[in-house]
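J.: The structure follows.
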Amino acid sequence: GDSVCEGAGSNKYSYADIIAEKNNMILTKDGIGGTTYSVIDGKNNSICERIASVEGNFDYVLLEGIFNDIFASINIGQLTADYNSTVDNKTVTGALEEICRNIKKKFPEAKILFIIPHKLSFSNGVLYANQNKYFDAVRAVSEKYQIKHIDLDKISGLACYNEEWLKNYFGPNETMGTHPNKNAYEKYYVP
């Protein structure tokens, strides 16, 4: 994942840590702030690249990201017609398809879940532009590859509606609702 998985708004303590502790699980957390799903030339820490190189046995795999693809205005790309066509991992859809193919191949027994994050908005109530197109790409790829997704954008109710929400549910130094704090993880992500 990205900084939301890493726990940037709550001292590196995120929903993944809380879920693992509540369920007595061993956690391997690979959330790195600033990373995209898509591959960007000159950077080598995209979620797509990290999934390709991860080793181990996992019972559960949670995939979360997309904010940095949105911020970088990465091309969304097109969904392929089948499961074998070449994908362009420099696009969001291509990277997501490559991730799904790698996950299904490497961890066929694991339960996999895409986490579509909360809605991005500013404390003045303005929504971050174009985010829905990116969320739709995650939905489309997860459905194609029959990987479940939890759609926090649609069901959580978490967004930075105003200064009070910013203060109560997001990390310090936030100007927009990107990085949830522990309260937000507990109330909106963990359930």
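Please note that chains go A, B, ... in the order of the structure tokens, that every chain numbers its residues from 1, and that ligands are numbered from 1 in the order shown.
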Using only C-alpha atoms, what table do you get, as CSV, when you list each residue of segment 124-165 of chain A with an atom no more than 12 Å from segment 58-69 of chain A, its nearest pair of atoms, and their distance in Å rounded to one decimal, rows by chain then rising number?

T.:
residue,atom,partner,partner_atom,distance
A:Tyr128,CA,A:Phe67,CA,10.3
A:Ala129,CA,A:Phe67,CA,11.5
A:Asn130,CA,A:Phe67,CA,10.9
A:Gln131,CA,A:Phe67,CA,8.2
A:Asn132,CA,A:Ile66,CA,10.7
A:Lys133,CA,A:Ile66,CA,10.7
A:Tyr134,CA,A:Ile66,CA,7.0
A:Phe135,CA,A:Ile66,CA,7.6
A:Asp136,CA,A:Ile66,CA,10.7
A:Ala137,CA,A:Ile66,CA,9.6
A:Val138,CA,A:Ile66,CA,8.3
A:Arg139,CA,A:Ile66,CA,11.6
A:Ser142,CA,A:Leu63,CA,10.5
A:Ile147,CA,A:Leu63,CA,10.4
A:Lys148,CA,A:Leu62,CA,10.2
A:His149,CA,A:Leu63,CA,9.1
A:Ile150,CA,A:Glu64,CA,10.0
A:Asp151,CA,A:Glu64,CA,10.8
A:Leu152,CA,A:Glu64,CA,10.9
A:Asp153,CA,A:Ile66,CA,11.7

J.: Segment 77-118 of chain A: which residues are strand (DSSP E or B) by DSSP, as a PyMOL selection string?

T.: chain A and resi 111-116

J.: I'd like the neighbourhood of segment 74-88 of chain A as number ranges by chain, where a residue qualifies if any of its atoms comes within 10 Å (using only C-alpha atoms), though same-chain residues fewer than 2 positions away should be ignored.

T.: A: 36-40, 66, 68-72, 90-98, 100-101, 133-134, 136-138, 140-141, 144-145

J.: To one decimal place in Å, what is the distance between atom CA of Lys106 of chain A and atom CA of Gly33 of chain A?

T.: 24.4 Å

J.: Just the residues within 7 Å of Phe170 of chain A, please, counting only C-alpha atoms, with nothing from its chain fewer than 4 positions along; format it as a list in words.

T.: Gly9, Leu166, Glu174, Gly177, His179, Pro180 and Asn181 of chain A

J.: Please write the residues from the selection above to a file, keeping all heavy atoms, as a tab-separated table (two decimals), in the first residue's frame.

T.:
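To be explicit, this is the file written out as result-v2.tsv:
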chain	number	residue	atom	x	y	z
A	9	GLY	N	-0.75	9.23	9.07
A	9	GLY	CA	-1.48	10.16	9.94
A	9	GLY	C	-1.56	9.73	11.38
A	9	GLY	O	-2.17	10.40	12.20
A	166	LEU	N	-11.51	17.36	9.87
A	166	LEU	CA	-10.06	17.35	9.66
A	166	LEU	C	-9.34	17.14	10.99
A	166	LEU	O	-8.43	16.31	11.09
A	166	LEU	CB	-9.62	18.66	9.00
A	166	LEU	CG	-8.16	18.77	8.60
A	166	LEU	CD1	-7.81	17.79	7.50
A	166	LEU	CD2	-7.85	20.19	8.15
A	174	GLU	N	-2.43	18.25	8.20
A	174	GLU	CA	-3.24	17.95	7.03
A	174	GLU	C	-3.95	19.21	6.55
A	174	GLU	O	-4.45	19.99	7.35
A	174	GLU	CB	-4.32	16.91	7.36
A	174	GLU	CG	-3.83	15.51	7.46
A	174	GLU	CD	-3.64	14.84	6.12
A	174	GLU	OE1	-4.50	14.97	5.23
A	174	GLU	OE2	-2.60	14.20	5.96
A	177	GLY	N	-8.11	15.81	3.54
A	177	GLY	CA	-8.29	14.53	4.21
A	177	GLY	C	-7.62	13.37	3.51
A	177	GLY	O	-8.31	12.54	2.93
A	179	HIS	N	-4.61	11.48	5.07
A	179	HIS	CA	-4.05	10.52	6.02
A	179	HIS	C	-4.91	10.39	7.27
A	179	HIS	O	-4.88	11.26	8.14
A	179	HIS	CB	-2.63	10.93	6.41
A	179	HIS	CG	-1.72	11.02	5.24
A	179	HIS	ND1	-1.22	12.22	4.77
A	179	HIS	CD2	-1.24	10.06	4.41
A	179	HIS	CE1	-0.47	11.98	3.71
A	179	HIS	NE2	-0.47	10.67	3.48
A	180	PRO	N	-5.67	9.31	7.37
A	180	PRO	CA	-6.50	9.10	8.56
A	180	PRO	C	-5.64	8.96	9.81
A	180	PRO	O	-4.50	8.50	9.75
A	180	PRO	CB	-7.22	7.78	8.27
A	180	PRO	CG	-7.12	7.58	6.81
A	180	PRO	CD	-5.84	8.23	6.39
A	181	ASN	N	-6.23	9.34	10.94
A	181	ASN	CA	-5.57	9.09	12.22
A	181	ASN	C	-6.14	7.80	12.81
A	181	ASN	O	-6.98	7.13	12.19
A	181	ASN	CB	-5.71	10.28	13.17
A	181	ASN	CG	-7.14	10.59	13.54
A	181	ASN	OD1	-8.03	9.73	13.46
A	181	ASN	ND2	-7.40	11.81	13.96

J.: Please, what distance in Å, to one decimal, runs between atom CA of Ala110 of chain A and atom CA of Leu158 of chain A?

T.: 28.4 Å

J.: Per DSSP on the backbone, filter segment 73-141 of chain A down to the residues in alpha helix (DSSP H) and report them as a PyMOL selection string.

T.: chain A and resi 92-106+131-141

J.: Let me see the file: selected residues, N, CA, C and O atoms, as a short mmCIF file (atom, residue, chain, number, x, y, z; two decimals), in the first residue's frame.

T.:
data_model
loop_
_atom_site.label_atom_id
_atom_site.label_comp_id
_atom_site.auth_asym_id
_atom_site.auth_seq_id
_atom_site.Cartn_x
_atom_site.Cartn_y
_atom_site.Cartn_z
N VAL A 92 -2.78 3.14 -14.70
CA VAL A 92 -3.38 2.61 -13.48
C VAL A 92 -4.01 1.25 -13.75
O VAL A 92 -3.76 0.28 -13.02
N THR A 93 -4.83 1.15 -14.79
CA THR A 93 -5.52 -0.11 -15.07
C THR A 93 -4.52 -1.22 -15.40
O THR A 93 -4.66 -2.35 -14.92
N GLY A 94 -3.51 -0.91 -16.20
CA GLY A 94 -2.51 -1.91 -16.54
C GLY A 94 -1.75 -2.39 -15.33
O GLY A 94 -1.49 -3.60 -15.17
N ALA A 95 -1.37 -1.48 -14.45
CA ALA A 95 -0.66 -1.86 -13.22
C ALA A 95 -1.56 -2.73 -12.34
O ALA A 95 -1.11 -3.74 -11.79
N LEU A 96 -2.82 -2.34 -12.22
CA LEU A 96 -3.75 -3.14 -11.40
C LEU A 96 -3.93 -4.54 -11.98
O LEU A 96 -3.98 -5.52 -11.24
N GLU A 97 -4.03 -4.63 -13.30
CA GLU A 97 -4.15 -5.96 -13.92
C GLU A 97 -2.90 -6.79 -13.67
O GLU A 97 -2.99 -7.98 -13.35
N GLU A 98 -1.73 -6.19 -13.80
CA GLU A 98 -0.49 -6.92 -13.54
C GLU A 98 -0.42 -7.36 -12.08
O GLU A 98 0.00 -8.48 -11.78
N ILE A 99 -0.84 -6.51 -11.17
CA ILE A 99 -0.89 -6.86 -9.75
C ILE A 99 -1.80 -8.07 -9.55
O ILE A 99 -1.43 -9.04 -8.87
N CYS A 100 -2.98 -8.05 -10.13
CA CYS A 100 -3.92 -9.17 -9.97
C CYS A 100 -3.34 -10.46 -10.53
O CYS A 100 -3.45 -11.52 -9.89
N ARG A 101 -2.73 -10.39 -11.68
CA ARG A 101 -2.13 -11.59 -12.27
C ARG A 101 -1.02 -12.15 -11.39
O ARG A 101 -0.95 -13.36 -11.16
N ASN A 102 -0.18 -11.27 -10.86
CA ASN A 102 0.91 -11.72 -9.99
C ASN A 102 0.39 -12.29 -8.68
O ASN A 102 0.87 -13.33 -8.21
N ILE A 103 -0.57 -11.63 -8.08
CA ILE A 103 -1.13 -12.10 -6.81
C ILE A 103 -1.79 -13.47 -6.98
O ILE A 103 -1.59 -14.36 -6.18
N LYS A 104 -2.60 -13.61 -8.03
CA LYS A 104 -3.30 -14.88 -8.27
C LYS A 104 -2.30 -16.02 -8.52
O LYS A 104 -2.54 -17.15 -8.11
N LYS A 105 -1.21 -15.70 -9.19
CA LYS A 105 -0.20 -16.72 -9.50
C LYS A 105 0.64 -17.07 -8.26
O LYS A 105 0.88 -18.24 -7.97
N LYS A 106 1.08 -16.04 -7.54
CA LYS A 106 1.98 -16.25 -6.41
C LYS A 106 1.29 -16.76 -5.16
O LYS A 106 1.88 -17.50 -4.37
N GLN A 131 -11.17 12.00 -8.80
CA GLN A 131 -10.92 10.80 -8.02
C GLN A 131 -11.85 9.64 -8.38
O GLN A 131 -11.44 8.47 -8.35
N ASN A 132 -13.08 9.94 -8.75
CA ASN A 132 -14.03 8.86 -9.03
C ASN A 132 -13.60 8.00 -10.21
O ASN A 132 -13.84 6.79 -10.21
N LYS A 133 -12.96 8.58 -11.22
CA LYS A 133 -12.48 7.80 -12.37
C LYS A 133 -11.44 6.78 -11.92
O LYS A 133 -11.41 5.65 -12.41
N TYR A 134 -10.60 7.17 -11.00
CA TYR A 134 -9.56 6.26 -10.50
C TYR A 134 -10.16 5.17 -9.62
O TYR A 134 -9.78 4.01 -9.72
N PHE A 135 -11.10 5.54 -8.76
CA PHE A 135 -11.79 4.54 -7.95
C PHE A 135 -12.51 3.54 -8.85
O PHE A 135 -12.51 2.34 -8.57
N ASP A 136 -13.12 4.04 -9.93
CA ASP A 136 -13.81 3.15 -10.88
C ASP A 136 -12.85 2.16 -11.52
O ASP A 136 -13.22 1.01 -11.79
N ALA A 137 -11.62 2.57 -11.78
CA ALA A 137 -10.62 1.66 -12.37
C ALA A 137 -10.33 0.50 -11.41
O ALA A 137 -10.24 -0.66 -11.83
N VAL A 138 -10.19 0.80 -10.12
CA VAL A 138 -9.95 -0.26 -9.14
C VAL A 138 -11.15 -1.20 -9.09
O VAL A 138 -10.99 -2.43 -9.08
N ARG A 139 -12.34 -0.64 -9.09
CA ARG A 139 -13.56 -1.47 -9.08
C ARG A 139 -13.60 -2.39 -10.28
O ARG A 139 -13.88 -3.59 -10.16
N ALA A 140 -13.33 -1.85 -11.47
CA ALA A 140 -13.42 -2.63 -12.71
C ALA A 140 -12.40 -3.77 -12.72
O ALA A 140 -12.73 -4.90 -13.08
N VAL A 141 -11.17 -3.50 -12.33
CA VAL A 141 -10.14 -4.54 -12.34
C VAL A 141 -10.44 -5.60 -11.28
O VAL A 141 -10.32 -6.80 -11.55
#

J.: Any idea what the distance is between atom CA of Val190 of chain A and atom CA of Tyr15 of chain A?

T.: 5.7 Å

J.: Residues within 8 Å of Met176 of chain A, please, as a VMD selection string. Count only C-alpha atoms; anything in the same chain fewer than 2 positions from it doesn't count.

T.: chain A and resid 120 to 123 160 166 174 178

J.: Given the choices A:Asp17, A:Ile47, A:Asp41, A:Val4, which gets closest to His118 of chain A if the distance is worked out from only C-alpha atoms?

T.: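 Of A:Asp17, A:Ile47, A:Asp41, A:Val4, the one nearest His118 of chain A, counting only C-alpha atoms, is A:Val4.
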